[in-house]
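Everything below belongs to coords-v5.cif, which stores mmCIF, C-alpha atoms (C1' of nucleotides).
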data_data
loop_
_atom_site.label_atom_id
_atom_site.label_comp_id
_atom_site.auth_asym_id
_atom_site.auth_seq_id
_atom_site.Cartn_x
_atom_site.Cartn_y
_atom_site.Cartn_z
CA MET A 1 -4.50 -0.81 -4.74
CA PRO A 2 -1.01 -2.19 -4.71
CA GLU A 3 -0.10 -4.32 -1.74
CA LEU A 4 2.69 -6.87 -1.54
CA PRO A 5 1.62 -9.23 -4.37
CA GLU A 6 1.01 -6.38 -6.80
CA VAL A 7 4.36 -4.78 -5.97
CA GLU A 8 6.04 -8.14 -6.49
CA VAL A 9 4.43 -8.42 -9.92
CA VAL A 10 5.85 -5.00 -10.76
CA ARG A 11 9.27 -6.03 -9.43
CA ARG A 12 9.34 -9.04 -11.71
CA GLY A 13 8.38 -6.91 -14.67
CA LEU A 14 11.12 -4.40 -13.92
CA ASP A 15 13.65 -7.19 -13.57
CA ARG A 16 12.83 -8.26 -17.09
CA TRP A 17 12.74 -4.80 -18.65
CA VAL A 18 15.27 -2.55 -16.89
CA THR A 19 17.93 -4.62 -15.14
CA GLY A 20 21.37 -3.90 -16.56
CA ARG A 21 20.33 -0.74 -18.39
CA THR A 22 21.92 2.67 -17.87
CA ILE A 23 19.78 5.72 -17.14
CA ALA A 24 20.22 8.48 -19.70
CA ALA A 25 17.86 11.17 -18.41
CA VAL A 26 15.31 11.79 -15.68
CA GLU A 27 12.30 14.09 -16.04
CA VAL A 28 10.36 15.04 -12.92
CA LEU A 29 7.01 16.29 -14.16
CA HIS A 30 5.41 16.70 -10.74
CA PRO A 31 7.56 17.61 -7.71
CA ARG A 32 5.16 15.92 -5.30
CA ALA A 33 6.20 12.56 -6.73
CA VAL A 34 9.70 13.08 -5.28
CA ARG A 35 8.68 14.98 -2.13
CA ARG A 36 10.44 12.44 0.09
CA HIS A 37 13.71 13.17 -1.70
CA ALA A 38 14.69 16.00 0.63
CA ALA A 39 17.38 17.45 -1.64
CA GLY A 40 14.81 18.17 -4.35
CA PRO A 41 13.96 17.11 -7.91
CA ASP A 42 17.24 18.28 -9.46
CA ASP A 43 19.31 16.32 -6.97
CA PHE A 44 17.04 13.31 -7.52
CA ALA A 45 17.63 13.44 -11.27
CA GLY A 46 21.35 14.04 -10.85
CA ARG A 47 21.81 11.01 -8.62
CA LEU A 48 20.19 8.69 -11.16
CA THR A 49 21.59 9.98 -14.42
CA GLY A 50 24.37 7.80 -15.82
CA ARG A 51 23.81 5.02 -13.28
CA THR A 52 23.21 1.40 -14.21
CA VAL A 53 20.23 -0.40 -12.70
CA THR A 54 20.79 -3.79 -11.08
CA ALA A 55 18.23 -6.45 -10.13
CA PRO A 56 15.15 -4.93 -8.42
CA ARG A 57 14.46 -5.79 -4.78
CA ARG A 58 11.37 -5.56 -2.63
CA ARG A 59 10.35 -5.61 1.01
CA GLY A 60 6.67 -5.29 1.81
CA LYS A 61 5.28 -2.61 -0.46
CA TYR A 62 8.63 -0.90 -1.03
CA LEU A 63 10.46 -1.57 -4.27
CA TRP A 64 13.98 -0.47 -5.14
CA LEU A 65 16.46 -0.60 -7.97
CA PRO A 66 20.05 -0.74 -6.68
CA LEU A 67 22.34 1.50 -8.73
CA ALA A 68 25.64 -0.09 -9.72
CA ASP A 69 28.84 1.42 -8.33
CA GLU A 70 31.56 -0.45 -10.14
CA PRO A 71 33.64 -2.16 -9.04
CA ASP A 72 31.90 -2.21 -5.65
CA ALA A 73 28.40 -3.38 -4.84
CA ALA A 74 25.65 -0.79 -5.14
CA SER A 75 25.50 1.71 -2.29
CA GLU A 76 22.52 3.71 -3.54
CA ALA A 77 19.14 2.88 -4.98
CA LEU A 78 16.10 4.30 -6.69
CA LEU A 79 13.31 3.64 -4.17
CA ALA A 80 9.64 3.49 -5.11
CA HIS A 81 6.42 3.28 -3.14
CA LEU A 82 3.27 3.06 -5.25
CA GLY A 83 0.91 4.38 -2.57
CA MET A 84 -2.73 4.05 -3.61
CA SER A 85 -2.59 4.46 -7.33
CA GLY A 86 1.03 4.43 -8.46
CA GLN A 87 2.14 2.52 -11.55
CA LEU A 88 5.56 1.82 -13.02
CA LEU A 89 5.12 1.41 -16.74
CA VAL A 90 7.57 0.35 -19.41
CA GLY A 91 6.96 1.07 -23.08
CA GLU A 92 7.96 2.72 -26.33
CA PRO A 93 9.64 6.05 -25.49
CA ASP A 94 7.64 8.05 -28.02
CA ARG A 95 4.18 6.85 -27.00
CA GLU A 96 1.63 9.36 -25.73
CA ARG A 97 2.15 10.76 -22.25
CA GLU A 98 -0.27 9.55 -19.60
CA LYS A 99 -2.46 12.18 -17.95
CA HIS A 100 -0.91 11.49 -14.54
CA LEU A 101 2.69 10.94 -15.64
CA ARG A 102 4.89 12.14 -12.75
CA VAL A 103 8.42 10.96 -13.52
CA ARG A 104 10.00 9.59 -16.69
CA LEU A 105 13.34 7.80 -17.08
CA THR A 106 15.01 7.14 -20.40
CA PHE A 107 17.92 4.80 -21.01
CA THR A 108 21.16 5.11 -22.96
CA ASP A 109 20.19 2.24 -25.27
CA GLY A 110 17.26 4.28 -26.57
CA GLY A 111 14.85 1.43 -25.83
CA HIS A 112 11.74 1.29 -23.64
CA ASP A 113 11.41 4.08 -21.10
CA LEU A 114 10.24 3.76 -17.48
CA ARG A 115 7.35 5.89 -16.28
CA PHE A 116 5.95 6.59 -12.84
CA VAL A 117 2.26 7.37 -13.28
CA ASP A 118 0.18 8.17 -10.19
CA GLN A 119 -3.30 9.65 -10.13
CA ARG A 120 -3.72 10.26 -6.39
CA THR A 121 -0.05 11.11 -5.74
CA PHE A 122 0.24 9.12 -2.53
CA GLY A 123 3.14 7.24 -4.04
CA HIS A 124 6.67 8.55 -4.39
CA LEU A 125 10.13 7.94 -5.77
CA MET A 126 13.45 8.87 -4.18
CA ALA A 127 17.16 8.25 -4.51
CA THR A 128 18.61 6.94 -1.27
CA ASP A 129 21.58 5.27 0.40
CA LEU A 130 21.60 1.55 1.09
CA VAL A 131 22.24 0.51 4.71
CA PRO A 132 22.80 -2.89 6.38
CA ASP A 133 19.64 -4.98 6.73
CA ALA A 134 18.76 -5.59 10.39
CA HIS A 135 16.66 -8.62 9.38
CA ALA A 136 19.56 -10.36 7.66
CA PRO A 137 22.66 -9.32 9.62
CA GLY A 138 25.86 -9.48 7.63
CA HIS A 139 24.05 -10.05 4.37
CA GLY A 140 21.82 -7.74 2.41
CA LEU A 141 21.43 -3.99 2.20
CA VAL A 142 18.18 -2.06 2.24
CA PRO A 143 17.34 1.57 1.47
CA ALA A 144 17.55 3.77 4.57
CA PRO A 145 13.81 4.59 4.57
CA VAL A 146 13.04 0.86 4.54
CA ALA A 147 15.30 0.02 7.48
CA HIS A 148 12.57 0.57 10.08
CA ILE A 149 9.92 -1.72 8.58
CA GLY A 150 9.51 -5.38 9.42
CA ALA A 151 10.21 -8.33 7.19
CA ASP A 152 7.30 -9.35 4.99
CA PRO A 153 5.53 -12.71 5.24
CA LEU A 154 6.94 -14.02 1.96
CA GLU A 155 10.62 -13.56 2.80
CA ASP A 156 12.89 -16.11 4.44
CA ALA A 157 14.03 -13.62 7.07
CA PHE A 158 10.52 -13.46 8.55
CA ASP A 159 10.68 -14.68 12.16
CA GLU A 160 7.32 -16.24 13.00
CA ASP A 161 8.00 -16.70 16.71
CA ALA A 162 9.21 -13.14 17.11
CA PHE A 163 6.10 -11.95 15.29
CA ALA A 164 3.80 -13.91 17.61
CA LYS A 165 5.59 -12.60 20.70
CA ALA A 166 5.57 -9.02 19.44
CA LEU A 167 1.84 -9.28 18.80
CA ARG A 168 1.18 -10.33 22.40
CA ARG A 169 3.20 -7.41 23.71
CA ARG A 170 0.99 -4.99 21.81
CA ARG A 171 -2.10 -3.40 23.31
CA THR A 172 -4.14 -2.91 20.21
CA GLY A 173 -6.45 -4.71 17.79
CA ILE A 174 -5.14 -7.38 15.42
CA LYS A 175 -5.99 -5.47 12.26
CA ARG A 176 -4.24 -2.33 13.44
CA ALA A 177 -1.22 -4.49 14.20
CA LEU A 178 -1.29 -6.08 10.73
CA LEU A 179 -1.36 -2.66 9.10
CA ASP A 180 1.62 -1.49 11.17
CA GLN A 181 4.50 -1.98 8.74
CA THR A 182 7.10 -2.12 11.52
CA LEU A 183 5.60 -5.36 12.84
CA ILE A 184 4.97 -7.08 9.52
CA SER A 185 5.27 -5.35 6.17
CA GLY A 186 3.34 -5.65 2.93
CA VAL A 187 -0.14 -6.09 4.43
CA GLY A 188 -2.70 -3.42 3.50
CA ASN A 189 -6.42 -3.09 4.09
CA ILE A 190 -7.45 -5.70 1.53
CA TYR A 191 -5.10 -8.52 2.48
CA ALA A 192 -5.55 -7.80 6.21
CA ASP A 193 -9.27 -8.56 5.85
CA GLU A 194 -8.56 -11.63 3.72
CA ALA A 195 -5.93 -12.98 6.16
CA LEU A 196 -8.28 -12.50 9.14
CA TRP A 197 -11.14 -14.23 7.33
CA ARG A 198 -8.89 -17.20 6.61
CA ALA A 199 -7.72 -17.21 10.25
CA LYS A 200 -11.34 -16.89 11.49
CA LEU A 201 -10.46 -13.93 13.69
CA HIS A 202 -12.33 -10.64 14.13
CA TRP A 203 -10.40 -7.48 13.24
CA ALA A 204 -10.87 -5.96 16.72
CA ARG A 205 -9.47 -8.95 18.57
CA PRO A 206 -7.01 -7.69 21.23
CA THR A 207 -3.49 -8.70 20.24
CA GLU A 208 -2.49 -9.54 23.83
CA THR A 209 -5.07 -12.35 23.91
CA LEU A 210 -3.85 -14.10 20.75
CA THR A 211 -2.51 -17.59 21.26
CA ARG A 212 0.58 -18.76 19.41
CA ALA A 213 -1.68 -20.92 17.24
CA GLU A 214 -3.93 -17.98 16.35
CA ALA A 215 -0.94 -15.81 15.44
CA GLY A 216 0.23 -18.66 13.25
CA ARG A 217 -3.17 -18.82 11.54
CA VAL A 218 -3.09 -15.10 10.75
CA LEU A 219 0.36 -15.41 9.27
CA ALA A 220 -0.57 -18.51 7.28
CA GLY A 221 -3.68 -16.69 6.06
CA ALA A 222 -1.61 -13.75 4.88
CA ARG A 223 0.90 -16.02 3.14
CA ASP A 224 -1.76 -18.11 1.46
CA VAL A 225 -3.80 -15.21 0.14
CA MET A 226 -0.73 -13.33 -1.08
CA THR A 227 0.67 -16.38 -2.79
CA ALA A 228 -2.66 -17.01 -4.50
CA ALA A 229 -2.81 -13.38 -5.63
CA LEU A 230 0.71 -13.56 -7.02
CA GLU A 231 -0.20 -16.59 -9.09
CA VAL A 232 -2.83 -14.63 -10.97
CA GLY A 233 -0.78 -11.49 -11.34
CA GLY A 234 -2.08 -9.28 -8.54
CA THR A 235 -5.39 -7.69 -7.60
CA SER A 236 -7.07 -4.87 -9.44
CA PHE A 237 -10.38 -3.14 -8.72
CA ASP A 238 -10.36 -0.02 -10.80
CA SER A 239 -7.55 -0.53 -13.29
CA LEU A 240 -5.35 1.87 -11.32
CA TYR A 241 -3.10 -1.02 -10.48
CA VAL A 242 -1.44 -2.54 -13.49
CA ASN A 243 1.82 -4.34 -13.97
CA VAL A 244 4.70 -2.73 -15.81
CA ASN A 245 3.17 -3.54 -19.19
CA GLY A 246 -0.19 -2.05 -18.30
CA GLU A 247 -2.04 -5.34 -17.80
CA SER A 248 -4.34 -5.64 -14.79
CA GLY A 249 -4.32 -8.56 -12.40
CA TYR A 250 -7.37 -10.72 -11.88
CA PHE A 251 -7.25 -11.52 -8.17
CA ASP A 252 -10.17 -9.26 -7.27
CA ARG A 253 -12.44 -12.01 -8.59
CA SER A 254 -11.02 -14.33 -5.94
CA LEU A 255 -11.38 -12.19 -2.80
CA ASP A 256 -13.40 -13.87 -0.05
CA VAL A 257 -14.50 -10.88 2.04
CA TYR A 258 -13.08 -7.55 0.89
CA GLY A 259 -15.74 -5.51 -0.90
CA ARG A 260 -18.34 -8.29 -0.52
CA ARG A 261 -20.78 -6.53 1.84
CA ASP A 262 -24.09 -8.44 2.13
CA GLU A 263 -22.82 -11.19 -0.15
CA PRO A 264 -22.76 -14.75 1.31
CA CYS A 265 -19.67 -15.92 3.18
CA ARG A 266 -17.93 -18.55 1.05
CA ARG A 267 -17.63 -20.81 4.13
CA CYS A 268 -20.98 -20.51 5.89
CA GLY A 269 -23.28 -18.44 3.68
CA THR A 270 -23.87 -15.67 6.24
CA PRO A 271 -23.97 -12.19 4.65
CA ILE A 272 -20.60 -10.42 4.94
CA ARG A 273 -20.68 -7.32 7.14
CA ARG A 274 -18.88 -4.04 6.63
CA ASP A 275 -17.64 -2.07 9.63
CA GLU A 276 -16.05 1.36 9.76
CA PHE A 277 -12.55 1.26 11.13
CA MET A 278 -9.81 3.89 11.01
CA ASN A 279 -11.98 5.90 8.60
CA ARG A 280 -11.99 3.00 6.17
CA SER A 281 -13.74 -0.32 5.69
CA SER A 282 -13.37 -3.69 7.34
CA TYR A 283 -15.17 -6.69 5.93
CA SER A 284 -15.76 -9.87 7.90
CA CYS A 285 -18.15 -12.78 8.40
CA PRO A 286 -20.33 -12.32 11.52
CA VAL A 287 -20.39 -16.08 12.16
CA CYS A 288 -16.85 -17.20 11.22
CA GLN A 289 -15.32 -14.11 12.82
CA PRO A 290 -17.40 -13.31 15.93
CA ARG A 291 -16.78 -9.94 17.55
CA PRO A 292 -14.71 -10.38 20.73
CA ARG A 293 -16.31 -9.47 24.04
CA ARG A 294 -13.46 -7.09 24.66
CA ALA A 295 -12.72 -5.35 21.39
CA ARG A 296 -9.79 -3.08 20.60
CA TYR A 297 -10.12 -0.61 17.81
"C1'" DC B 1 7.91 4.58 23.81
"C1'" DA B 2 3.38 3.10 22.29
"C1'" DC B 3 -0.63 4.29 20.41
"C1'" DC B 4 -3.90 6.75 17.53
"C1'" DG B 5 -6.11 10.51 14.85
"C1'" DT B 6 -5.14 13.56 11.00
"C1'" DT B 7 -3.46 14.64 6.66
"C1'" DC B 8 -2.06 14.48 1.85
"C1'" DC B 9 -4.63 13.66 -3.26
"C1'" DT B 10 -7.91 12.92 -7.43
"C1'" DG B 11 -11.62 10.69 -9.78
"C1'" DA B 12 -15.82 7.91 -9.61
"C1'" DC B 13 -20.24 7.88 -8.10
"C1'" DG B 14 -24.85 8.92 -6.18
"C1'" DG B 15 -28.34 12.20 -4.97
"C1'" DC B 16 -30.85 16.15 -6.01
"C1'" DT C 1 -27.03 18.65 -16.79
"C1'" DG C 2 -24.22 19.90 -13.31
"C1'" DC C 3 -22.93 20.56 -8.73
"C1'" DC C 4 -21.61 18.85 -4.37
"C1'" DG C 5 -20.64 15.54 -0.77
"C1'" DT C 6 -18.63 11.09 0.06
"C1'" DC C 7 -15.49 7.47 -0.50
"C1'" DA C 8 -11.18 4.94 -1.63
"C1'" DG C 9 -6.45 4.36 1.57
"C1'" DG C 10 -0.41 4.05 2.79
"C1'" DA C 11 2.29 5.99 5.85
"C1'" DA C 12 4.48 10.21 7.80
"C1'" DC C 13 3.62 13.05 11.40
"C1'" DG C 14 2.20 15.23 15.65
"C1'" DG C 15 -0.31 14.95 19.90
"C1'" DT C 16 -1.29 12.43 24.12
#
Translate the structure of the given file into structure tokens.
Amino acid sequence: MPELPEVEVVRRGLDRWVTGRTIAAVEVLHPRAVRRHAAGPDDFAGRLTGRTVTAPRRRGKYLWLPLADEPDAASEALLAHLGMSGQLLVGEPDREREKHLRVRLTFTDGGHDLRFVDQRTFGHLMATDLVPDAHAPGHGLVPAPVAHIGADPLEDAFDEDAFAKALRRRRTGIKRALLDQTLISGVGNIYADEALWRAKLHWARPTETLTRAEAGRVLAGARDVMTAALEVGGTSFDSLYVNVNGESGYFDRSLDVYGRRDEPCRRCGTPIRRDEFMNRSSYSCPVCQPRPRRARY
DNA sequence: CACCGTTCCTGACGGC
DNA sequence: TGCCGTCAGGAACGGT
């Protein structure tokens, strides 16, 4: 399941394979893949055709390819969110079509094509305007649908003090807050559990009771685990996540709590517990991460 | 406004 | 063998 490190791996792959190339044609094979492009599949294709892709950017789990507008800087972009099972694949244009191929882009140089493949169709592509970035005033641009999300923990613009203060203003549990992309982006279910294990905090800990030091530990935990995942090319559990060349990451072998129900905690040996939370799973160590007296779900 | 439950989707898997 | 229920989850959306 692609979270920030996996999306970053994809971004790096795209930078190598598509930057500077001009889009020749766009095929939308499944309209659901572009459902967030309100003007429809034909408009989506029309906006991309003939445009030249510039260096890919990312914030949290969103990835975008700015489209050159010579002589000015790009004012539009191809925006991608991989959802649960989305892949962006680059390869020989005449290779076999994947079962869940949703969108295909070819380039004027006749070289490798770019394919959006997505089994569960939670991901999407769209063409969108770029708007000023509230997190870096006077500098960058971000796609309009990305404007409302927070900075991610691996970018310079991330304001740690503002994050800690915003957490304390919330009246919810820490894991809910971590999954709220407006507060901090790029953290999904897997890395939320990993960050909380590293910070030794229970997922239902009320945000308003977090000290500045504890907020700092959560953030450091998120940064550390994401950086480690990036170094090994991203996490993969079921081969649905792959980088742009179709190679899976290996980070799942390094996870400390996620998916490790009843296995010993790597710090204290206590069996990892699994709780139900938001109709999904939360994994934690009962000893390292004691349940708070007052829990917020 | 803040918070939270529901919803979209397909394939793997376990039980019978 | 095959059918069916359950599970996986990001984020938009609507209700409170």
Can you list every residue of chain C that has an atom at most 9 Å from chain A, with its nearest atom pair and the distance in Å to one decimal, using all atoms listed in the file, ordered by chain then number, as a tab-separated table?
residue	atom	partner	partner_atom	distance
C:DC7	C1'	A:Arg280	CA	8.8
C:DA8	C1'	A:Arg280	CA	8.1
C:DG9	C1'	A:Met84	CA	6.4
C:DG10	C1'	A:Gly83	CA	5.5
C:DA11	C1'	A:Gly83	CA	8.7
Using all atoms listed in the file, which chain A residues lie at most 7 Å away from chain B, written as a PDB file with C-alpha atoms, keeping the file's coordinate frame?
ATOM      1  CA  GLN A 119      -3.300   9.650 -10.130  1.00  0.00           C
ATOM      2  CA  ARG A 120      -3.720  10.260  -6.390  1.00  0.00           C
ATOM      3  CA  THR A 121      -0.050  11.110  -5.740  1.00  0.00           C
ATOM      4  CA  PHE A 122       0.240   9.120  -2.530  1.00  0.00           C
TER       5      PHE A 122
END
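The space between CA of Arg217 in chain A and CA of Tyr191 in chain A spans 13.9 Å.
Rounded to one decimal, CA of Arg21 in chain A and CA of Glu231 in chain A lie 27.6 Å from each other.
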Record the distance separating CA of Ala127 in chain A and CA of Leu79 in chain A, expressed in Å with one decimal. 6.0 Å
Could you work out an axis-aligned bounding box for all listed atoms of range 2-15 of chain B, with 5 Å added on each of the six sides, and give its centre and edge lengths in Å to one decimal, as JSON?
{"center_x": -12.5, "center_y": 8.9, "center_z": 6.3, "size_x": 41.7, "size_y": 21.5, "size_z": 42.1}
Near-Leu196 in chain A list (9 Å; only C-alpha atoms (C1' of nucleotides); drop same-chain fewer than 4 positions) as a VMD selection string: chain A and resid 174 to 175 191 to 192 200 to 203 217 to 218 221 to 222 284 289
Test item: the PyMOL selection byres ((chain A and resi 130-132) around 8) resolved as a ChimeraX atom specification: /A:74-77,128-129,133-134,137-144,147
Apply the PyMOL selection byres ((chain A and resi 8) around 12) to the structure shown and report the selected residues as a ChimeraX atom specification. /A:2-7,9-15,56-64,81-82,88,152,154-155,186,226-227,229-235,242-244,249
The PyMOL selection byres ((chain A and resi 216) around 12) - which residues does that actually catch in the file I just gave you? List them as a ChimeraX atom specification. /A:153,159-165,167,195-196,198-201,210-215,217-224
